[in-house]
file run-v5.cif (mmCIF, C-alpha atoms and all ligand atoms)
data_final
#
loop_
_atom_site.label_atom_id
_atom_site.label_comp_id
_atom_site.auth_asym_id
_atom_site.auth_seq_id
_atom_site.Cartn_x
_atom_site.Cartn_y
_atom_site.Cartn_z
CA MET K 359 77.98 102.26 82.62
CA SER K 360 80.62 102.83 85.22
CA ALA K 361 80.66 105.99 87.27
CA LEU K 362 84.01 107.00 88.63
CA ALA K 363 82.74 110.26 90.09
CA GLY K 364 84.22 110.87 93.51
CA ARG K 365 86.32 107.69 93.54
CA HIS K 366 89.77 107.78 95.14
CA ILE K 367 92.59 106.42 92.96
CA VAL K 368 95.15 105.25 95.50
CA ALA K 369 96.36 102.14 93.65
CA ILE K 370 95.94 100.73 90.16
CA SER K 371 93.62 98.12 91.71
CA ASP K 372 91.10 100.92 92.31
CA LEU K 373 90.22 100.65 88.61
CA SER K 374 88.79 97.60 86.83
CA ASN K 375 90.18 96.52 83.47
CA GLY K 376 87.01 97.75 81.80
CA GLU K 377 87.35 101.14 83.46
CA ILE K 378 90.95 101.40 82.30
CA GLU K 379 89.88 100.62 78.73
CA GLY K 380 87.12 103.21 79.05
CA ILE K 381 89.68 105.77 80.21
CA PHE K 382 91.78 104.92 77.13
CA ARG K 383 88.82 105.51 74.79
CA LEU K 384 88.17 108.91 76.37
CA THR K 385 91.91 109.62 76.19
CA ASP K 386 91.81 108.96 72.43
CA ARG K 387 89.10 111.59 72.04
CA PHE K 388 90.94 114.15 74.14
CA ALA K 389 94.25 113.40 72.42
CA SER K 390 92.73 114.02 68.99
CA ALA K 391 91.12 117.23 70.25
CA LEU K 392 94.48 118.41 71.59
CA GLN K 393 96.24 117.46 68.38
CA GLU K 394 94.01 119.81 66.43
CA GLY K 395 95.27 122.66 68.58
CA PRO K 396 94.03 124.48 71.65
CA LEU K 397 91.31 126.34 69.73
CA SER K 398 89.60 123.15 68.63
CA ILE K 399 88.77 122.24 72.20
CA VAL K 400 86.97 125.48 72.94
CA ARG K 401 84.86 125.66 69.77
CA ARG K 402 81.38 124.34 70.34
CA ARG K 403 81.11 122.51 67.01
CA ARG K 404 83.64 121.84 64.31
CA LYS K 405 83.33 120.96 60.68
CA ARG K 406 85.67 118.37 59.24
CA GLY K 407 85.39 116.66 55.89
CA GLY K 408 81.96 118.24 55.39
CA LYS K 409 80.63 116.67 58.60
CA THR K 410 79.88 118.42 61.84
CA ARG K 411 81.40 116.59 64.81
CA PRO K 412 79.76 117.59 68.03
CA GLY K 413 81.25 116.91 71.42
CA LEU K 414 84.89 117.84 71.26
CA GLY K 415 84.05 121.53 71.24
CA THR K 416 82.84 121.32 74.81
CA VAL K 417 86.02 119.75 76.16
CA GLY K 418 87.52 123.11 77.01
CA ARG K 419 84.63 123.84 79.36
CA LEU K 420 84.07 120.38 80.86
CA CYS K 421 85.51 121.26 84.26
CA ALA K 422 84.72 124.98 84.29
CA ASN K 423 84.41 126.33 87.85
CA GLN K 424 86.12 123.28 89.34
CA VAL K 425 89.40 123.44 91.19
CA LEU K 426 92.21 120.85 91.28
CA ALA K 427 94.77 120.95 94.09
CA THR K 428 98.19 119.48 93.29
CA VAL K 429 99.99 118.84 96.56
CA PHE K 430 103.54 117.62 96.02
CA PHE K 431 105.84 116.80 98.92
CA GLU K 432 108.45 115.42 96.49
CA PRO K 433 109.88 116.89 93.27
CA SER K 434 107.99 116.32 90.02
CA THR K 435 107.94 117.60 86.46
CA ARG K 436 105.60 115.28 84.56
CA THR K 437 102.97 114.27 87.08
CA ARG K 438 102.29 117.69 88.54
CA LEU K 439 102.52 119.71 85.35
CA SER K 440 100.55 117.24 83.21
CA PHE K 441 97.76 117.17 85.82
CA GLU K 442 97.79 120.97 85.89
CA SER K 443 97.84 121.19 82.09
CA ALA K 444 94.99 118.65 81.91
CA MET K 445 92.83 120.64 84.32
CA ASN K 446 93.56 123.87 82.45
CA ARG K 447 92.69 122.20 79.12
CA LEU K 448 89.35 121.16 80.63
CA GLY K 449 88.60 124.73 81.62
CA GLY K 450 89.18 124.18 85.34
CA ARG K 451 91.55 125.94 87.72
CA VAL K 452 94.51 124.75 89.74
CA ILE K 453 95.95 125.51 93.18
CA SER K 454 99.28 123.99 94.03
CA VAL K 455 101.85 123.11 96.66
CA ALA K 456 104.92 122.50 94.53
CA ASP K 457 107.43 122.73 97.35
CA PRO K 458 106.61 121.33 100.81
CA ARG K 459 108.84 123.97 102.42
CA THR K 460 106.17 126.53 101.49
CA SER K 461 103.28 124.65 103.11
CA SER K 462 102.48 124.36 106.81
CA ALA K 463 103.77 120.80 106.75
CA ALA K 464 107.10 122.57 107.34
CA LYS K 465 105.70 123.75 110.69
CA GLY K 466 104.80 120.20 111.67
CA GLU K 467 101.20 119.94 110.46
CA ARG K 468 100.21 116.32 110.02
CA LEU K 469 99.17 115.10 106.59
CA ALA K 470 95.58 114.24 107.53
CA ASP K 471 94.96 117.83 108.69
CA THR K 472 96.57 119.30 105.57
CA VAL K 473 94.42 117.15 103.30
CA ARG K 474 91.17 117.91 105.15
CA VAL K 475 91.79 121.63 104.81
CA ILE K 476 92.76 121.47 101.13
CA ALA K 477 89.66 119.37 100.43
CA SER K 478 87.56 122.35 101.49
CA TYR K 479 89.35 124.50 98.88
CA ALA K 480 89.33 122.07 95.93
CA ASP K 481 87.21 119.49 94.09
CA ALA K 482 90.01 116.93 93.65
CA ILE K 483 93.49 116.50 95.12
CA VAL K 484 96.58 114.99 93.51
CA LEU K 485 99.02 114.02 96.26
CA ARG K 486 102.68 113.02 95.99
CA HIS K 487 104.39 112.09 99.23
CA PRO K 488 107.62 110.34 100.29
CA ASN K 489 105.86 107.93 102.66
CA GLU K 490 104.27 104.71 101.42
CA GLY K 491 100.57 104.69 102.24
CA ALA K 492 100.22 108.48 102.34
CA ALA K 493 97.54 108.48 99.63
CA LEU K 494 95.47 105.90 101.49
CA LEU K 495 95.73 107.92 104.69
CA ALA K 496 94.62 111.03 102.77
CA ALA K 497 91.62 109.18 101.30
CA GLU K 498 90.66 107.79 104.69
CA SER K 499 90.96 111.18 106.33
CA LEU K 500 88.26 112.45 103.94
CA ASP K 501 86.05 109.37 104.27
CA GLU K 502 85.88 109.35 108.06
CA PRO K 503 82.11 109.74 108.65
CA ARG K 504 82.58 111.80 111.79
CA LEU K 505 84.47 114.36 109.72
CA ALA K 506 81.76 114.76 107.09
CA GLU K 507 81.67 118.55 107.19
CA LEU K 508 82.50 118.78 103.48
CA GLY K 509 79.20 117.29 102.33
CA ARG K 510 80.78 116.25 98.99
CA ARG K 511 83.29 113.71 97.79
CA VAL K 512 86.74 115.02 96.97
CA PRO K 513 88.75 112.34 95.16
CA ILE K 514 92.34 111.73 96.22
CA ILE K 515 94.60 110.79 93.31
CA ASN K 516 97.88 109.15 94.23
CA GLY K 517 100.66 110.96 92.36
CA GLY K 518 103.23 108.60 93.87
CA ASP K 519 103.57 107.46 97.51
CA GLY K 520 107.15 106.63 98.39
CA ALA K 521 108.30 103.39 96.80
CA HIS K 522 104.77 102.00 96.79
CA GLU K 523 102.54 102.88 93.79
CA HIS K 524 102.04 105.45 91.03
CA PRO K 525 98.76 104.42 89.39
CA THR K 526 98.29 107.32 86.97
CA GLN K 527 101.80 106.73 85.55
CA THR K 528 100.64 103.16 84.92
CA LEU K 529 97.71 104.48 82.89
CA CYS K 530 100.22 106.40 80.74
CA ASP K 531 102.47 103.31 80.46
CA LEU K 532 99.70 100.88 79.49
CA TYR K 533 98.21 103.39 77.05
CA THR K 534 101.61 103.86 75.39
CA ILE K 535 102.19 100.12 75.10
CA LYS K 536 98.76 99.70 73.54
CA LYS K 537 99.41 102.53 71.08
CA GLU K 538 102.83 101.22 70.10
CA GLN K 539 102.09 97.49 70.04
CA GLY K 540 98.32 97.45 69.34
CA LYS K 541 97.56 95.30 72.40
CA ILE K 542 98.81 94.30 75.86
CA ASP K 543 97.54 90.72 76.16
CA GLY K 544 100.28 88.17 75.48
CA LEU K 545 103.12 90.68 75.13
CA ASN K 546 106.56 89.96 76.58
CA VAL K 547 107.54 92.97 78.63
CA ALA K 548 110.89 93.39 80.40
CA LEU K 549 111.07 95.60 83.48
CA CYS K 550 114.67 96.70 83.93
CA GLY K 551 116.48 98.63 86.65
CA ASP K 552 115.73 99.45 90.27
CA LEU K 553 112.66 97.25 90.62
CA LEU K 554 112.82 97.35 94.43
CA HIS K 555 112.18 101.07 94.86
CA ALA K 556 110.51 102.13 91.59
CA ARG K 557 106.84 102.75 92.39
CA THR K 558 106.01 103.05 88.68
CA VAL K 559 107.23 99.47 88.21
CA HIS K 560 105.09 98.10 91.05
CA SER K 561 101.84 99.58 89.72
CA LEU K 562 102.78 98.68 86.15
CA ALA K 563 103.58 95.06 87.06
CA TYR K 564 100.05 94.65 88.44
CA GLY K 565 98.57 96.42 85.41
CA LEU K 566 100.49 94.31 82.88
CA ALA K 567 99.67 91.09 84.70
CA ARG K 568 95.97 91.96 84.75
CA PHE K 569 95.95 92.52 81.00
CA GLY K 570 97.74 89.23 80.32
CA ALA K 571 101.31 90.33 79.59
CA ASN K 572 104.34 88.17 80.48
CA LEU K 573 106.80 89.82 82.87
CA LYS K 574 110.57 89.49 82.70
CA CYS K 575 112.39 91.33 85.47
CA ILE K 576 116.03 92.34 84.99
CA SER K 577 117.84 93.93 87.92
CA PRO K 578 120.84 93.60 90.20
CA ALA K 579 120.07 90.97 92.86
CA SER K 580 119.72 93.62 95.57
CA LEU K 581 117.13 95.57 93.57
CA ARG K 582 114.63 92.86 92.65
CA LEU K 583 110.87 93.30 92.83
CA PRO K 584 109.80 93.32 96.50
CA GLU K 585 108.46 90.02 97.82
CA TYR K 586 105.08 91.58 98.57
CA VAL K 587 104.67 92.62 94.93
CA LYS K 588 105.57 89.13 93.72
CA ARG K 589 103.17 87.55 96.22
CA ARG K 590 100.32 89.78 95.03
CA LEU K 591 101.14 89.12 91.37
CA ALA K 592 100.92 85.38 92.00
CA ALA K 593 97.91 85.40 94.32
CA GLU K 594 95.74 87.96 92.55
CA TYR K 595 96.77 87.69 88.90
CA ASN K 596 98.31 84.23 88.64
CA CYS K 597 101.51 85.83 87.36
CA VAL K 598 105.01 84.66 88.28
CA PRO K 599 107.59 87.02 86.74
CA GLU K 600 110.81 85.56 85.40
CA GLU K 601 113.78 87.16 87.18
CA TYR K 602 117.25 87.77 85.79
CA GLU K 603 120.35 89.46 87.11
CA SER K 604 121.79 89.86 83.68
CA PHE K 605 120.51 90.19 80.18
CA GLY K 606 122.77 87.23 79.54
CA ASP K 607 120.55 85.03 81.71
CA LEU K 608 117.50 85.95 79.68
CA ALA K 609 118.49 84.20 76.47
CA ALA K 610 115.63 82.41 74.76
CA PRO K 611 115.69 78.67 75.46
CA ASP K 612 116.25 77.80 71.82
CA THR K 613 119.36 79.94 71.37
CA GLY K 614 121.66 77.41 72.98
CA HIS K 615 123.15 80.30 74.88
CA VAL K 616 124.91 79.47 78.14
CA PRO K 617 125.00 82.45 80.50
CA ALA K 618 128.44 83.63 81.52
CA PRO K 619 129.59 82.73 85.05
CA ARG K 620 128.33 85.14 87.71
CA ALA K 621 130.69 87.95 88.63
CA ARG K 622 131.36 88.29 92.34
CA GLY K 623 130.22 91.33 94.26
CA ARG K 624 127.35 93.72 93.70
CA ARG K 625 129.29 96.20 91.61
CA ARG K 626 130.79 93.61 89.26
CA ALA K 627 127.51 91.73 88.91
CA ALA K 628 125.73 94.97 88.15
CA LYS K 629 128.23 95.80 85.40
CA ARG K 630 127.16 92.70 83.52
CA LEU K 631 123.63 93.98 83.00
CA MET K 632 122.90 94.85 79.40
CA ASP K 633 126.30 93.57 78.52
CA ASP K 634 125.67 90.22 76.98
CA GLU K 635 125.76 90.15 73.22
CA GLN K 636 124.06 86.80 72.88
CA PHE K 637 121.14 87.98 74.92
CA LEU K 638 120.89 91.12 72.85
CA GLU K 639 120.83 89.03 69.68
CA ALA K 640 118.06 86.90 71.14
CA VAL K 641 116.00 89.56 72.86
CA GLY K 642 114.39 91.13 69.81
CA ARG K 643 112.78 87.89 68.81
CA PHE K 644 110.61 87.69 71.88
CA LEU K 645 110.61 91.03 73.69
CA ASP K 646 107.85 93.48 72.76
CA ALA K 647 108.64 96.22 75.25
CA LEU K 648 111.56 97.17 77.47
CA TYR K 649 110.62 99.41 80.41
CA VAL K 650 113.70 101.00 81.99
CA THR K 651 113.84 102.87 85.30
CA ARG K 652 116.55 104.89 86.96
CA ILE K 653 118.25 103.98 90.22
CA GLN K 654 115.92 105.64 92.77
CA ALA K 655 118.80 107.12 94.76
CA GLU K 656 116.49 109.04 97.09
CA ARG K 657 115.05 105.77 98.48
CA PHE K 658 118.34 104.08 99.45
CA ARG K 659 119.22 104.07 103.14
CA ASP K 660 122.91 103.87 102.19
CA PRO K 661 123.89 106.35 99.42
CA ALA K 662 126.98 104.24 98.66
CA GLU K 663 124.70 101.40 97.51
CA ALA K 664 122.90 103.72 95.11
CA GLU K 665 126.22 104.92 93.79
CA ALA K 666 127.41 101.32 93.30
CA ALA K 667 124.30 100.48 91.25
CA ARG K 668 124.42 103.63 89.14
CA GLY K 669 125.50 102.96 85.57
CA SER K 670 124.97 99.20 85.91
CA TYR K 671 122.69 99.14 82.88
CA VAL K 672 122.65 101.53 79.93
CA ILE K 673 120.51 101.41 76.80
CA ASN K 674 122.68 102.76 74.00
CA LEU K 675 122.99 102.50 70.22
CA GLU K 676 124.79 99.19 70.56
CA VAL K 677 121.84 97.75 72.46
CA LEU K 678 119.42 99.21 69.91
CA ARG K 679 121.35 97.61 67.06
CA ARG K 680 120.80 94.19 68.60
CA ILE K 681 117.21 94.31 69.82
CA GLY K 682 114.07 93.82 67.75
CA LYS K 683 112.96 96.35 65.20
CA ARG K 684 109.61 96.64 67.01
CA THR K 685 110.73 96.50 70.65
CA THR K 686 109.24 99.56 72.30
CA ILE K 687 111.56 101.32 74.74
CA LEU K 688 109.76 102.96 77.64
CA HIS K 689 110.88 104.97 80.63
CA PRO K 690 108.68 106.88 83.10
CA LEU K 691 111.38 109.58 83.22
CA PRO K 692 113.31 111.38 84.55
CA ARG K 693 116.30 109.43 83.23
CA VAL K 694 119.73 109.89 84.66
CA ASN K 695 122.19 107.80 82.65
CA GLU K 696 120.36 104.55 81.94
CA VAL K 697 119.15 105.55 78.45
CA ASP K 698 121.81 107.22 76.34
CA TYR K 699 120.73 110.46 74.64
CA SER K 700 121.73 108.97 71.28
CA VAL K 701 118.75 106.60 71.56
CA ASP K 702 116.21 109.42 71.44
CA LEU K 703 116.01 109.69 67.65
CA ASP K 704 115.24 106.00 67.17
CA THR K 705 111.55 105.33 66.44
CA ARG K 706 111.49 102.60 69.10
CA ALA K 707 112.22 105.15 71.81
CA ALA K 708 108.69 105.89 73.03
CA TYR K 709 109.44 107.65 76.32
CA PHE K 710 108.70 111.19 75.17
CA ARG K 711 105.44 110.05 73.55
CA GLN K 712 104.72 108.23 76.83
CA ALA K 713 105.23 111.47 78.79
CA SER K 714 103.08 113.46 76.34
CA TYR K 715 100.13 111.08 76.84
CA GLY K 716 100.11 112.26 80.46
CA VAL K 717 97.91 115.21 79.53
CA PRO K 718 95.03 113.45 77.68
CA ILE K 719 95.18 110.50 80.12
CA ARG K 720 94.83 112.85 83.09
CA MET K 721 92.17 114.90 81.29
CA ALA K 722 90.13 111.71 80.94
CA LEU K 723 90.70 110.74 84.57
CA LEU K 724 89.78 114.18 85.91
CA ALA K 725 86.65 114.43 83.74
CA LEU K 726 85.52 111.06 85.10
CA LEU K 727 86.43 111.58 88.76
CA LEU K 728 84.79 115.02 88.72
CA GLY K 729 81.60 113.52 87.30
CA ARG K 730 81.76 115.35 83.96
CA LYS K 731 81.97 112.14 81.93
CA ARG K 732 80.87 108.53 82.37
CA ILE K 733 82.32 105.50 80.67
CA ARG K 734 80.52 102.60 79.11
CA THR K 735 82.03 99.18 79.75
CA THR K 736 80.93 96.05 77.93
CA LYS K 737 80.37 92.80 79.85
CA ARG K 738 83.58 91.44 78.35
CA GLU K 739 85.51 94.43 79.62
CA ALA K 740 83.98 94.55 83.06
CA GLY K 741 86.86 92.46 84.43
CA PRO K 742 87.68 92.29 88.09
CA ALA K 743 85.92 94.78 90.31
CA PRO K 744 88.09 97.43 91.95
CA ALA K 745 89.81 96.15 95.07
CA ALA K 746 87.51 95.53 98.01
CA ALA K 747 87.54 98.07 100.83
CA GLY K 748 89.72 95.86 102.98
CA ALA K 749 90.15 92.78 105.10
CA GLU K 750 87.30 91.32 107.10
CA GLU K 751 89.40 91.47 110.22
CA TRP K 752 92.09 94.07 110.76
CA ILE K 753 94.86 93.55 113.28
CA THR K 754 96.06 96.72 114.96
CA SER K 755 98.40 95.35 117.60
CA PHE K 756 101.55 95.44 115.42
CA GLU K 757 103.67 98.22 114.03
CA CYS K 758 104.61 98.18 110.37
CA VAL K 759 108.21 97.03 109.80
CA ASN K 760 108.72 99.60 107.03
CA PRO K 761 110.27 102.73 108.58
CA THR K 762 109.04 104.93 105.73
CA CYS K 763 105.44 103.66 105.92
CA ILE K 764 103.07 106.53 106.68
CA THR K 765 102.02 104.70 109.86
CA ASN K 766 105.54 105.27 111.24
CA ASN K 767 105.60 108.94 110.29
CA GLU K 768 102.13 110.37 110.93
CA PRO K 769 101.15 111.21 114.53
CA ALA K 770 98.13 109.36 115.94
CA LEU K 771 97.97 106.80 113.12
CA ARG K 772 98.03 103.08 113.94
CA ALA K 773 99.15 100.47 111.48
CA ARG K 774 96.42 98.14 110.28
CA MET K 775 97.35 94.63 109.18
CA GLU K 776 95.58 91.78 107.47
CA ARG K 777 96.49 88.12 107.49
CA ILE K 778 97.95 86.69 104.25
CA GLY K 779 96.18 83.34 104.05
CA ASP K 780 97.96 80.71 106.12
CA THR K 781 101.48 82.03 105.47
CA GLY K 782 101.90 83.32 109.03
CA LEU K 783 102.47 86.77 107.56
CA LEU K 784 100.62 90.04 107.98
CA ARG K 785 100.28 92.72 105.29
CA CYS K 786 100.20 96.42 106.13
CA ALA K 787 97.08 98.04 104.67
CA TYR K 788 98.98 101.27 103.96
CA CYS K 789 102.28 100.21 102.37
CA ASP K 790 101.57 96.51 101.55
CA GLN K 791 104.80 95.40 103.21
CA GLU K 792 104.74 92.15 105.13
CA ARG K 793 105.85 91.03 108.58
CA GLU K 794 105.72 87.91 110.70
CA ALA K 795 102.47 87.49 112.61
CA GLY K 796 104.41 86.24 115.63
CA GLY K 797 101.68 83.85 116.76
CA VAL K 798 98.97 86.47 116.94
CA SER K 799 95.52 84.92 116.77
CA GLY K 800 93.12 87.68 117.55
CA GLY K 801 92.15 90.83 115.68
CA GLY K 802 91.23 94.32 116.68
CA VAL K 803 89.86 97.36 115.03
N1 LIG W 901 107.11 109.85 85.76
C1 LIG W 901 107.06 110.71 86.80
O1 LIG W 901 106.41 110.47 87.83
O2 LIG W 901 107.77 111.88 86.59
P1 LIG W 901 107.88 113.07 87.62
O3 LIG W 901 108.61 112.58 88.84
O4 LIG W 901 108.61 114.16 86.90
O5 LIG W 901 106.46 113.48 88.00
#

call {"tool": "encode", "arguments": {"input": "run-v5.cif", "output": "structure tokens"}}
result
Amino acid sequence: MSALAGRHIVAISDLSNGEIEGIFRLTDRFASALQEGPLSIVRRRRKRGGKTRPGLGTVGRLCANQVLATVFFEPSTRTRLSFESAMNRLGGRVISVADPRTSSAAKGERLADTVRVIASYADAIVLRHPNEGAALLAAESLDEPRLAELGRRVPIINGGDGAHEHPTQTLCDLYTIKKEQGKIDGLNVALCGDLLHARTVHSLAYGLARFGANLKCISPASLRLPEYVKRRLAAEYNCVPEEYESFGDLAAPDTGHVPAPRARGRRRAAKRLMDDEQFLEAVGRFLDALYVTRIQAERFRDPAEAEAARGSYVINLEVLRRIGKRTTILHPLPRVNEVDYSVDLDTRAAYFRQASYGVPIRMALLALLLGRKRIRTTKREAGPAPAAAGAEEWITSFECVNPTCITNNEPALRARMERIGDTGLLRCAYCDQEREAGGVSGGGV
């Protein structure tokens, strides 16, 4: 048995593989209850095929008298509304900050104070914030023993922290892949688009690697997976993603395909993405899923760079015609122009199913974190334990190099770094980004 009650979900590493599989089993039950219509989840017992099936009838009251706070400092459609729908489906209630201009953050209140106050109004908090590490800060602000006035554990659920992680989107993504392909282990999955800034991609890369998928990363050179993500993939999951600037470079070794010469300049190179017919002929034979993300324009320091990358890759009917008949096309949404609307009617386009799973996935997560359900995990499933609390020795004498890290935006918060083996690098505990240690030998707390 694994109890998730009261656990913070700041990163996908806060859940073991077995716990994720347990969440998926509970999701299946909630999804089938929802499919039978809203009434089926409030009936105590239902008869089907002559048999009485107990259990599902109580779903609609599982979280009665509990309150979820959704606190969103960035725009959202899917994450906020699917969490709110999930809590309503479980019989709970929701309070919400949908627009930061309407909260006292607009008057300068620091995040830690906001979270402590909301925790006294709610039983769980979903937080979306533009700064990397904001969810960890929120969790720590509730765990500080000297601030234990609450007397109960209020889980913080990361609904997306800057360009860092989005773990509950990863649950939706992995669940969709499993539904569409029947498994995750051994699949070839391409991650395509703005891999530098897309937080959904970072969490998903860890999740896929943990479940044994092979990663192929396709992006303009300037938008590759961050180095810290690649280092963690290699060190923690023994996964080294293949990287390509063009679909043309990704041709299977046995096709005899020679990639076209590189175009010069970011814009011209970007135009070549998705443009290579030979790749598209080859891709279907070995690609099981294609996960596309938009250019995350809001994260670029220079808007002209975002504009230059926009439109550099487009999934359209021509691409569909050339990829495999079973290649699942995923997108966390919202899309801008990277998946043509004409693709929507194709059965391989799974992105609206992916978004719809957000409700039963988040119902399962809430029921578990609020202590209304427990999951059984077999020994085989137990997998790696959730990430340890932290480094043995934290170094606090350096600032984080990432200007959008929460440590550079929250008053009275010091960066905390850990050494990365013998690389001479330090990793920020909040945003994971790395910096030179600069000869530091000592630690401090
Ligand atoms: N996938 C996702 O996070 O969508 P929203 O930004 O609409 O929540």

call {"tool": "residues_near_point", "arguments": {"input": "run-v5.cif", "point": "(104.0, 91.6, 109.1)", "cutoff": "6 Å", "atoms": "all atoms listed in the file", "output": "count of residues only"}}
result
7

call {"tool": "residues_near_ligand", "arguments": {"input": "run-v5.cif", "ligand": "ligand LIG 901 (chain W)", "cutoff": "10 Å", "atoms": "all atoms listed in the file", "output": "PyMOL selection string"}}
result
chain K and resi 430+432-441+486+517-518+524-528+530-531+557-558+651+689-693+709+712-713+716

call {"tool": "write_last_selection", "arguments": {"input": "run-v5.cif", "atoms": "C-alpha atoms", "output": "short mmCIF file (atom, residue, chain, number, x, y, z; two decimals), in the frame of the given file"}}
result
data_model
loop_
_atom_site.label_atom_id
_atom_site.label_comp_id
_atom_site.auth_asym_id
_atom_site.auth_seq_id
_atom_site.Cartn_x
_atom_site.Cartn_y
_atom_site.Cartn_z
CA PHE K 430 103.54 117.62 96.02
CA GLU K 432 108.45 115.42 96.49
CA PRO K 433 109.88 116.89 93.27
CA SER K 434 107.99 116.32 90.02
CA THR K 435 107.94 117.60 86.46
CA ARG K 436 105.60 115.28 84.56
CA THR K 437 102.97 114.27 87.08
CA ARG K 438 102.29 117.69 88.54
CA LEU K 439 102.52 119.71 85.35
CA SER K 440 100.55 117.24 83.21
CA PHE K 441 97.76 117.17 85.82
CA ARG K 486 102.68 113.02 95.99
CA GLY K 517 100.66 110.96 92.36
CA GLY K 518 103.23 108.60 93.87
CA HIS K 524 102.04 105.45 91.03
CA PRO K 525 98.76 104.42 89.39
CA THR K 526 98.29 107.32 86.97
CA GLN K 527 101.80 106.73 85.55
CA THR K 528 100.64 103.16 84.92
CA CYS K 530 100.22 106.40 80.74
CA ASP K 531 102.47 103.31 80.46
CA ARG K 557 106.84 102.75 92.39
CA THR K 558 106.01 103.05 88.68
CA THR K 651 113.84 102.87 85.30
CA HIS K 689 110.88 104.97 80.63
CA PRO K 690 108.68 106.88 83.10
CA LEU K 691 111.38 109.58 83.22
CA PRO K 692 113.31 111.38 84.55
CA ARG K 693 116.30 109.43 83.23
CA TYR K 709 109.44 107.65 76.32
CA GLN K 712 104.72 108.23 76.83
CA ALA K 713 105.23 111.47 78.79
CA GLY K 716 100.11 112.26 80.46
#

call {"tool": "closest_residue", "arguments": {"input": "run-v5.cif", "among": "K:Leu426, K:Val717, K:Leu703, K:Ala664", "to": "K:Leu392", "atoms": "only C-alpha atoms"}}
result
K:Val717

call {"tool": "residues_around", "arguments": {"input": "run-v5.cif", "residues": "K:Cys789", "least_positions_apart": "4", "cutoff": "8 Å", "atoms": "only C-alpha atoms", "output": "MDAnalysis selection string"}}
result
chainID K and resid 490:491 522 760 763:764

call {"tool": "closest_residue", "arguments": {"input": "run-v5.cif", "among": "K:Leu384, K:Leu554, K:Ile483, K:Ile687", "to": "K:Thr534", "atoms": "only C-alpha atoms"}}
result
K:Ile687

call {"tool": "residues_around", "arguments": {"input": "run-v5.cif", "residues": "K:Pro718", "least_positions_apart": "6", "cutoff": "6 Å", "atoms": "all atoms listed in the file", "output": "PyMOL selection string"}}
result
chain K and resi 385+388-389

call {"tool": "atom_distance", "arguments": {"input": "run-v5.cif", "atom1": "atom CA of K:Ser461", "atom2": "atom CA of K:Pro513"}}
result
20.6 Å

call {"tool": "closest_residue", "arguments": {"input": "run-v5.cif", "among": "K:Gly729, K:Gly565, K:Pro578, K:Gly509", "to": "K:Leu420", "atoms": "only C-alpha atoms"}}
result
K:Gly729

call {"tool": "atom_distance", "arguments": {"input": "run-v5.cif", "atom1": "atom CA of K:Ala667", "atom2": "atom CA of K:Leu581"}}
result
9.0 Å

call {"tool": "atom_distance", "arguments": {"input": "run-v5.cif", "atom1": "atom CA of K:Leu573", "atom2": "atom CA of K:Leu532"}}
result
13.6 Å

call {"tool": "closest_residue", "arguments": {"input": "run-v5.cif", "among": "K:Arg590, K:Arg510, K:Lys465, K:Arg668", "to": "K:Leu728", "atoms": "only C-alpha atoms"}}
result
K:Arg510

call {"tool": "closest_residue", "arguments": {"input": "run-v5.cif", "among": "K:Tyr649, K:Tyr595, K:Tyr586, K:Phe658", "to": "K:Tyr564", "atoms": "all atoms listed in the file"}}
result
K:Tyr595

call {"tool": "closest_residue", "arguments": {"input": "run-v5.cif", "among": "K:Ser374, K:Ile753, K:Tyr479, K:Arg365", "to": "K:Arg568", "atoms": "only C-alpha atoms"}}
result
K:Ser374

call {"tool": "residues_near_point", "arguments": {"input": "run-v5.cif", "point": "(106.4, 110.1, 103.8)", "cutoff": "8 Å", "atoms": "only C-alpha atoms", "output": "ChimeraX atom specification"}}
result
/K:487-490,492,519-520,762-764,767

call {"tool": "residues_around", "arguments": {"input": "run-v5.cif", "residues": "K:Leu645", "least_positions_apart": "4", "cutoff": "9 Å", "atoms": "only C-alpha atoms", "output": "ChimeraX atom specification"}}
result
/K:545-548,640-641,681-682,684-686

call {"tool": "residues_around", "arguments": {"input": "run-v5.cif", "residues": "K:Ile653", "least_positions_apart": "5", "cutoff": "9 Å", "atoms": "only C-alpha atoms", "output": "PyMOL selection string"}}
result
chain K and resi 551-553+555-556+664-665+667-669+694+696

call {"tool": "residues_around", "arguments": {"input": "run-v5.cif", "residues": "K:Ala593", "least_positions_apart": "4", "cutoff": "12 Å", "atoms": "all atoms listed in the file", "output": "ChimeraX atom specification"}}
result
/K:564,567-568,586-589,597-598,778-779

call {"tool": "decode", "arguments": {"input": "run-v5.cif", "residues": "stretch 754-767 of chain K", "atoms": "C-alpha atoms", "output": "mmCIF file, in the first residue's frame"}}
result
data_model
loop_
_atom_site.group_PDB
_atom_site.id
_atom_site.type_symbol
_atom_site.label_atom_id
_atom_site.label_comp_id
_atom_site.auth_asym_id
_atom_site.auth_seq_id
_atom_site.Cartn_x
_atom_site.Cartn_y
_atom_site.Cartn_z
ATOM 1 C CA THR K 754 23.839 28.895 0.259
ATOM 2 C CA SER K 755 26.647 31.271 -0.645
ATOM 3 C CA PHE K 756 25.726 31.573 -4.351
ATOM 4 C CA GLU K 757 22.880 33.182 -6.205
ATOM 5 C CA CYS K 758 21.047 31.215 -8.864
ATOM 6 C CA VAL K 759 22.077 32.225 -12.397
ATOM 7 C CA ASN K 760 18.500 31.926 -13.666
ATOM 8 C CA PRO K 761 16.866 35.374 -13.456
ATOM 9 C CA THR K 762 13.363 33.877 -13.399
ATOM 10 C CA CYS K 763 14.158 31.406 -10.595
ATOM 11 C CA ILE K 764 11.913 32.043 -7.601
ATOM 12 C CA THR K 765 15.044 32.706 -5.515
ATOM 13 C CA ASN K 766 15.670 35.838 -7.604
ATOM 14 C CA ASN K 767 12.091 37.059 -7.328
#
